[in-house]
>>> print(open('coords.cif').read())   # mmCIF, C-alpha atoms
data_input
loop_
_atom_site.label_atom_id
_atom_site.label_comp_id
_atom_site.auth_asym_id
_atom_site.auth_seq_id
_atom_site.Cartn_x
_atom_site.Cartn_y
_atom_site.Cartn_z
CA MET A 1 -81.20 -69.76 3.64
CA THR A 2 -82.18 -66.06 3.69
CA GLU A 3 -81.15 -65.75 7.34
CA LYS A 4 -77.80 -67.41 6.63
CA ILE A 5 -77.11 -64.99 3.78
CA ILE A 6 -77.95 -61.98 5.96
CA GLU A 7 -75.88 -63.19 8.91
CA ALA A 8 -72.83 -63.91 6.75
CA ALA A 9 -73.14 -60.59 4.90
CA ASN A 10 -73.52 -58.62 8.13
CA TYR A 11 -70.42 -60.25 9.62
CA ILE A 12 -68.37 -59.44 6.52
CA LYS A 13 -69.59 -55.84 6.68
CA SER A 14 -68.56 -55.69 10.35
CA ARG A 15 -65.00 -56.51 9.27
CA GLY A 16 -64.78 -53.37 7.18
CA VAL A 17 -66.02 -54.60 3.82
CA SER A 18 -68.35 -52.11 2.15
CA THR A 19 -70.04 -52.02 -1.23
CA PRO A 20 -67.86 -54.41 -3.26
CA GLN A 21 -68.57 -54.10 -6.98
CA VAL A 22 -66.81 -57.15 -8.40
CA GLY A 23 -66.73 -60.67 -6.98
CA ILE A 24 -63.93 -63.10 -7.85
CA ILE A 25 -63.59 -66.84 -7.24
CA LEU A 26 -60.02 -68.13 -7.50
CA GLY A 27 -59.61 -71.83 -8.30
CA THR A 28 -57.12 -74.62 -7.63
CA GLY A 29 -53.52 -73.44 -7.66
CA LEU A 30 -54.66 -69.91 -8.52
CA GLY A 31 -54.86 -66.75 -6.47
CA ASN A 32 -51.46 -65.80 -5.12
CA HIS A 33 -50.51 -63.60 -8.07
CA PHE A 34 -53.99 -62.12 -8.30
CA ALA A 35 -54.13 -61.43 -4.57
CA GLU A 36 -50.98 -59.29 -4.88
CA LYS A 37 -52.90 -56.92 -7.17
CA ILE A 38 -55.53 -56.13 -4.53
CA GLU A 39 -54.76 -52.82 -2.80
CA ASN A 40 -55.68 -51.97 0.81
CA ALA A 41 -56.53 -55.62 1.38
CA ILE A 42 -58.68 -56.88 4.22
CA GLU A 43 -58.48 -60.64 4.78
CA ILE A 44 -61.21 -62.65 6.47
CA GLU A 45 -60.78 -66.36 7.21
CA TYR A 46 -63.71 -68.50 6.11
CA LYS A 47 -63.79 -70.19 9.51
CA SER A 48 -64.81 -66.89 11.11
CA ILE A 49 -67.75 -66.21 8.75
CA PRO A 50 -71.14 -67.54 9.91
CA HIS A 51 -72.41 -70.49 7.83
CA PHE A 52 -69.39 -70.53 5.47
CA PRO A 53 -67.95 -73.99 4.77
CA LEU A 54 -64.21 -74.53 5.19
CA SER A 55 -61.77 -75.25 2.36
CA THR A 56 -60.36 -78.72 2.95
CA VAL A 57 -58.14 -78.81 -0.15
CA GLU A 58 -54.52 -77.86 0.55
CA PHE A 59 -54.25 -75.72 -2.60
CA HIS A 60 -57.14 -73.46 -1.49
CA LYS A 61 -56.26 -70.74 1.03
CA GLY A 62 -59.69 -70.42 2.62
CA LYS A 63 -60.13 -66.67 3.00
CA LEU A 64 -61.97 -63.67 1.58
CA ILE A 65 -59.87 -60.75 0.40
CA SER A 66 -61.49 -57.33 0.12
CA GLY A 67 -59.81 -54.30 -1.42
CA SER A 68 -59.52 -52.40 -4.67
CA ILE A 69 -58.21 -52.96 -8.19
CA GLY A 70 -58.14 -50.12 -10.69
CA GLY A 71 -60.39 -48.01 -8.52
CA LYS A 72 -63.04 -50.74 -8.24
CA GLN A 73 -63.92 -52.43 -4.96
CA VAL A 74 -63.45 -56.19 -5.21
CA LEU A 75 -64.19 -59.18 -3.02
CA ALA A 76 -62.17 -62.29 -3.85
CA MET A 77 -62.56 -65.84 -2.64
CA HIS A 78 -59.03 -67.19 -2.26
CA GLY A 79 -60.09 -70.81 -2.39
CA ARG A 80 -63.51 -72.30 -3.10
CA PHE A 81 -65.60 -75.26 -2.00
CA HIS A 82 -66.32 -78.47 -3.92
CA TYR A 83 -69.04 -81.10 -3.92
CA TYR A 84 -66.41 -83.83 -3.46
CA GLU A 85 -65.42 -82.30 -0.12
CA GLY A 86 -68.76 -83.49 1.25
CA TYR A 87 -70.68 -80.21 1.01
CA SER A 88 -74.06 -79.87 -0.64
CA ALA A 89 -74.44 -77.77 -3.77
CA GLU A 90 -76.36 -75.26 -1.65
CA GLN A 91 -73.44 -74.90 0.78
CA ILE A 92 -70.91 -74.58 -2.05
CA THR A 93 -72.77 -71.65 -3.54
CA LEU A 94 -73.72 -69.72 -0.39
CA PRO A 95 -70.81 -67.27 -0.90
CA VAL A 96 -72.19 -66.28 -4.31
CA ARG A 97 -75.48 -65.29 -2.74
CA VAL A 98 -73.64 -63.44 0.03
CA MET A 99 -71.62 -61.51 -2.57
CA LYS A 100 -74.83 -60.40 -4.27
CA ALA A 101 -76.28 -59.35 -0.90
CA LEU A 102 -73.16 -57.24 -0.29
CA GLY A 103 -73.69 -55.38 -3.57
CA VAL A 104 -71.47 -57.25 -6.04
CA GLU A 105 -72.54 -56.44 -9.60
CA CYS A 106 -70.64 -59.11 -11.55
CA LEU A 107 -68.74 -62.30 -10.80
CA LEU A 108 -65.41 -63.42 -12.30
CA ILE A 109 -64.59 -67.11 -11.86
CA SER A 110 -61.46 -69.17 -12.48
CA ASN A 111 -60.65 -72.85 -12.28
CA ALA A 112 -58.05 -75.44 -13.17
CA ALA A 113 -59.30 -77.93 -15.76
CA GLY A 114 -58.17 -80.88 -17.81
CA ASN A 115 -57.76 -80.17 -21.51
CA MET A 116 -59.64 -82.56 -23.81
CA ASN A 117 -59.31 -80.50 -27.01
CA MET A 118 -56.21 -81.81 -28.73
CA ASN A 119 -55.88 -78.60 -30.75
CA TRP A 120 -54.96 -76.85 -27.48
CA HIS A 121 -52.18 -77.40 -24.95
CA LYS A 122 -51.75 -77.44 -21.20
CA GLY A 123 -50.76 -74.05 -19.82
CA GLU A 124 -53.22 -72.22 -22.09
CA LEU A 125 -56.44 -70.51 -21.03
CA MET A 126 -60.02 -71.29 -22.05
CA LEU A 127 -62.86 -68.80 -21.84
CA ILE A 128 -65.98 -70.76 -20.94
CA ASP A 129 -68.77 -70.13 -23.44
CA ASP A 130 -71.10 -72.85 -22.15
CA HIS A 131 -71.12 -75.83 -19.80
CA ILE A 132 -72.45 -79.33 -19.17
CA ASN A 133 -73.43 -80.22 -15.61
CA LEU A 134 -72.81 -83.86 -14.66
CA GLN A 135 -72.79 -83.36 -10.90
CA PRO A 136 -75.48 -85.31 -9.01
CA ASP A 137 -76.77 -82.29 -7.08
CA ASN A 138 -78.12 -78.88 -8.01
CA PRO A 139 -77.89 -75.75 -5.81
CA LEU A 140 -81.50 -74.89 -6.68
CA ARG A 141 -82.92 -78.21 -5.51
CA GLY A 142 -85.57 -77.78 -2.81
CA PRO A 143 -88.06 -74.99 -2.14
CA ASN A 144 -87.38 -71.92 -4.24
CA ILE A 145 -86.61 -68.63 -2.50
CA ASP A 146 -88.66 -66.29 -4.66
CA SER A 147 -86.85 -63.22 -3.34
CA GLN A 148 -83.59 -64.68 -4.75
CA GLY A 149 -84.78 -65.67 -8.20
CA PRO A 150 -87.32 -67.66 -10.28
CA ARG A 151 -88.15 -71.32 -9.80
CA PHE A 152 -86.96 -72.13 -13.34
CA PRO A 153 -84.10 -69.77 -14.24
CA ASP A 154 -83.15 -69.52 -17.90
CA MET A 155 -79.69 -70.88 -18.82
CA SER A 156 -79.59 -70.11 -22.53
CA GLN A 157 -76.67 -67.73 -21.97
CA PRO A 158 -75.13 -68.69 -18.61
CA TYR A 159 -71.92 -66.71 -19.21
CA ASP A 160 -72.45 -63.00 -19.80
CA LYS A 161 -71.85 -62.13 -23.44
CA ASN A 162 -70.67 -58.60 -22.65
CA LEU A 163 -68.04 -59.81 -20.16
CA ASN A 164 -66.88 -62.54 -22.54
CA ASN A 165 -66.55 -60.10 -25.44
CA ARG A 166 -64.55 -57.72 -23.27
CA LEU A 167 -62.22 -60.54 -22.26
CA LYS A 168 -61.68 -61.58 -25.87
CA SER A 169 -60.84 -58.00 -26.83
CA ILE A 170 -58.41 -57.66 -23.92
CA ALA A 171 -56.74 -60.97 -24.79
CA LYS A 172 -56.29 -59.89 -28.40
CA ALA A 173 -54.83 -56.52 -27.40
CA LYS A 174 -52.41 -58.15 -24.94
CA ASN A 175 -51.54 -61.02 -27.30
CA ILE A 176 -52.74 -63.63 -24.80
CA LYS A 177 -54.02 -66.86 -26.31
CA LEU A 178 -57.57 -67.33 -25.07
CA ASN A 179 -59.32 -70.43 -26.37
CA GLU A 180 -63.10 -70.56 -26.13
CA GLY A 181 -65.07 -73.69 -25.39
CA VAL A 182 -67.36 -75.86 -23.29
CA TYR A 183 -66.60 -76.89 -19.71
CA VAL A 184 -68.02 -80.07 -18.21
CA CYS A 185 -68.40 -80.33 -14.43
CA VAL A 186 -68.05 -83.76 -12.83
CA MET A 187 -68.24 -84.85 -9.20
CA GLY A 188 -64.62 -85.88 -8.52
CA PRO A 189 -62.33 -86.12 -6.68
CA ASN A 190 -60.79 -88.85 -8.84
CA LEU A 191 -59.64 -87.92 -12.32
CA GLU A 192 -61.21 -89.59 -15.34
CA THR A 193 -60.57 -92.89 -17.08
CA ARG A 194 -59.68 -93.09 -20.77
CA ALA A 195 -63.24 -94.15 -21.60
CA GLU A 196 -64.67 -91.26 -19.57
CA TYR A 197 -62.50 -88.74 -21.42
CA ARG A 198 -63.77 -90.14 -24.73
CA PHE A 199 -67.36 -89.90 -23.50
CA LEU A 200 -66.97 -86.31 -22.25
CA ARG A 201 -65.40 -85.24 -25.53
CA GLN A 202 -68.16 -86.92 -27.52
CA ILE A 203 -70.89 -85.06 -25.64
CA GLY A 204 -69.29 -81.75 -26.59
CA ALA A 205 -66.88 -80.74 -23.81
CA ASP A 206 -63.45 -79.19 -24.35
CA ALA A 207 -62.32 -79.13 -20.72
CA VAL A 208 -63.28 -81.01 -17.57
CA GLY A 209 -63.26 -79.94 -13.92
CA MET A 210 -65.01 -80.32 -10.58
CA SER A 211 -66.25 -76.79 -9.84
CA THR A 212 -67.66 -73.55 -11.30
CA VAL A 213 -70.98 -74.81 -12.67
CA PRO A 214 -72.85 -74.74 -9.30
CA GLU A 215 -71.68 -71.14 -8.77
CA VAL A 216 -72.73 -70.18 -12.30
CA ILE A 217 -76.18 -71.73 -11.83
CA VAL A 218 -76.70 -69.64 -8.69
CA ALA A 219 -75.31 -66.50 -10.35
CA ASN A 220 -77.92 -66.91 -13.07
CA HIS A 221 -80.63 -67.58 -10.48
CA ILE A 222 -79.89 -64.28 -8.73
CA SER A 223 -79.29 -62.31 -11.96
CA LEU A 224 -75.59 -61.79 -11.30
CA PRO A 225 -73.65 -61.50 -14.60
CA CYS A 226 -70.66 -63.84 -14.61
CA CYS A 227 -67.77 -65.09 -16.68
CA ALA A 228 -65.26 -67.88 -16.17
CA ILE A 229 -61.80 -68.83 -17.41
CA SER A 230 -60.22 -72.27 -17.11
CA VAL A 231 -56.48 -72.76 -16.83
CA LEU A 232 -55.78 -75.93 -18.82
CA THR A 233 -53.40 -77.75 -16.51
CA ASP A 234 -53.04 -81.16 -18.15
CA ASP A 235 -53.67 -82.78 -21.53
CA CYS A 236 -56.31 -85.51 -21.33
CA ASP A 237 -55.68 -87.51 -24.49
CA PRO A 238 -57.29 -90.94 -23.95
CA ASP A 239 -55.02 -92.48 -26.60
CA ASN A 240 -51.89 -91.24 -24.83
CA LEU A 241 -52.94 -90.86 -21.21
CA LYS A 242 -50.27 -90.56 -18.57
CA PRO A 243 -50.76 -90.70 -14.77
CA ALA A 244 -51.72 -87.31 -13.36
CA ASN A 245 -49.04 -85.41 -11.46
CA ILE A 246 -50.82 -83.09 -9.04
CA GLU A 247 -47.65 -81.12 -8.23
CA GLU A 248 -47.12 -80.48 -11.96
CA ILE A 249 -50.76 -79.46 -12.37
CA ILE A 250 -50.45 -76.90 -9.56
CA ALA A 251 -47.18 -75.59 -11.00
CA ILE A 252 -48.76 -75.11 -14.45
CA ALA A 253 -51.74 -73.33 -12.87
CA GLY A 254 -49.37 -71.00 -11.04
CA LYS A 255 -47.51 -70.06 -14.23
CA ALA A 256 -50.69 -69.54 -16.24
CA GLU A 257 -52.14 -67.37 -13.48
CA VAL A 258 -50.00 -64.46 -14.64
CA ALA A 259 -51.90 -64.21 -17.93
CA LEU A 260 -55.21 -64.91 -16.19
CA THR A 261 -54.54 -62.09 -13.73
CA ASP A 262 -53.68 -59.70 -16.57
CA LEU A 263 -57.02 -60.46 -18.23
CA TYR A 264 -59.12 -60.08 -15.11
CA VAL A 265 -57.33 -56.97 -13.82
CA ASP A 266 -57.86 -55.23 -17.16
CA LEU A 267 -61.47 -56.38 -17.24
CA ILE A 268 -62.10 -54.97 -13.77
CA ARG A 269 -60.53 -51.66 -14.77
CA SER A 270 -62.79 -51.48 -17.83
CA LEU A 271 -66.04 -52.03 -15.93
#
>>> encode(input="coords.cif", output="structure tokens")
Amino acid sequence: MTEKIIEAANYIKSRGVSTPQVGIILGTGLGNHFAEKIENAIEIEYKSIPHFPLSTVEFHKGKLISGSIGGKQVLAMHGRFHYYEGYSAEQITLPVRVMKALGVECLLISNAAGNMNMNWHKGELMLIDDHINLQPDNPLRGPNIDSQGPRFPDMSQPYDKNLNNRLKSIAKAKNIKLNEGVYVCVMGPNLETRAEYRFLRQIGADAVGMSTVPEVIVANHISLPCCAISVLTDDCDPDNLKPANIEEIIAIAGKAEVALTDLYVDLIRSL
């Protein structure tokens, strides 16, 4: 693992990327608007980076974008990897470790998620305060790499309180509705049944998705402060459940990305 991290980081450096300060992971249907905000962009296809998996989902671009926002050097993943694509949790999270090796000081994550809190509506944003991991694999399974982090990392505050407070202040100042809640990560790729939505709500989740948690676990393992925002793309009311329309979900994510980008751009500028 250590050799893979070094080889991937060295290749990215050879492409002109130097000392990024902020890492960003852009989720399903997200990224185009945010990518436009990156100045002096350098794009690197995942397929050219040693040991990087490939994005197999059509809504994920599959490239790193390096550049600057508000005077800060950023490194954005335009498209991520998922367990349901057939990758291990270790493979999914390799880019997070590579970002840390390159010098990234904090990680901003986004995803598209199903809304299970009936006080909220699709198209809104949710700041993740905590999560529930229901995926059958863990990126820390196997021998621990002591140079990366402890065998038993603490997860009492997986999402950095300082970053979350900054985001809430920015949202209030910009009059952007930012709900706050619990994200549950499932394996996918199928969406949930009515009974599963009831179960997930009963165990304390407000939104459900198929990503983010493995990356957050690794970020905590390597002491990389992180935050995450979900775009709520569909309402998952088990008593009034309609068939999912993937095209509509992607369209809603694209519209909501404008507010998400405003929040993250202002956050980056404030760091």
>>> atom_distance(input="coords.cif", atom1="CA of His33 (chain A)", atom2="CA of Cys185 (chain A)")
25.3 Å
>>> closest_residue(input="coords.cif", among="A:Gly103, A:Gly209, A:Pro158, A:Gly149", to="Asn190 (chain A)", atoms="only C-alpha atoms")
A:Gly209
>>> axis_aligned_box(input="coords.cif", around="region 140-157 of chain A", padding_each_side="5 Å", output="lines of an AutoDock Vina configuration file")
center_x = -82.7
center_y = -70.7
center_z = -12.3
size_x = 22.0
size_y = 25.0
size_z = 30.4
>>> residues_near_point(input="coords.cif", point="(-49.2, -66.1, -20.0)", cutoff="7 Å", atoms="all atoms listed in the file", output="PyMOL selection string")
chain A and resi 176+256+258-259
>>> atom_distance(input="coords.cif", atom1="CA of Ile65 (chain A)", atom2="CA of Asn179 (chain A)")
28.5 Å
>>> resolve_selection(input="coords.cif", expression="the PyMOL selection byres ((chain A and resi 40-46) around 8)", output="list in words")
Ile12, Arg15, Gly16, Val17, Ile38, Glu39, Lys47, Ser48, Ile49, Phe52, Pro53, Leu54, Ser55, Gly62, Lys63, Leu64, Ile65, Ser66, Gly67 and Ser68 of chain A
>>> build_atoms(input="coords.cif", residues="region 221-233 of chain A", atoms="N, CA and C atoms", output="compact mmCIF listing (two decimals), in the frame of the given file")
# COMPACT_ATOMS: atom_id res chain seq x y z
N HIS A 221 -79.39 -67.61 -11.27
CA HIS A 221 -80.63 -67.58 -10.48
C HIS A 221 -80.85 -66.21 -9.87
N ILE A 222 -79.77 -65.57 -9.41
CA ILE A 222 -79.89 -64.28 -8.73
C ILE A 222 -79.58 -63.09 -9.64
N SER A 223 -79.53 -63.37 -10.96
CA SER A 223 -79.29 -62.31 -11.96
C SER A 223 -77.98 -61.57 -11.72
N LEU A 224 -76.93 -62.34 -11.50
CA LEU A 224 -75.59 -61.79 -11.30
C LEU A 224 -74.75 -62.15 -12.52
N PRO A 225 -74.44 -61.19 -13.41
CA PRO A 225 -73.65 -61.50 -14.60
C PRO A 225 -72.31 -62.12 -14.22
N CYS A 226 -71.90 -63.16 -14.95
CA CYS A 226 -70.66 -63.84 -14.61
C CYS A 226 -69.90 -64.27 -15.85
N CYS A 227 -68.61 -64.51 -15.65
CA CYS A 227 -67.77 -65.09 -16.68
C CYS A 227 -66.80 -66.03 -15.99
N ALA A 228 -66.16 -66.90 -16.76
CA ALA A 228 -65.26 -67.88 -16.17
C ALA A 228 -64.16 -68.25 -17.15
N ILE A 229 -62.96 -68.40 -16.62
CA ILE A 229 -61.80 -68.83 -17.41
C ILE A 229 -61.19 -70.05 -16.75
N SER A 230 -60.92 -71.08 -17.56
CA SER A 230 -60.22 -72.27 -17.11
C SER A 230 -58.76 -72.18 -17.47
N VAL A 231 -57.88 -72.52 -16.51
CA VAL A 231 -56.48 -72.76 -16.83
C VAL A 231 -56.36 -74.25 -17.17
N LEU A 232 -55.90 -74.54 -18.37
CA LEU A 232 -55.78 -75.93 -18.82
C LEU A 232 -54.47 -76.50 -18.28
N THR A 233 -54.59 -77.34 -17.27
CA THR A 233 -53.40 -77.75 -16.51
C THR A 233 -52.81 -79.08 -16.94
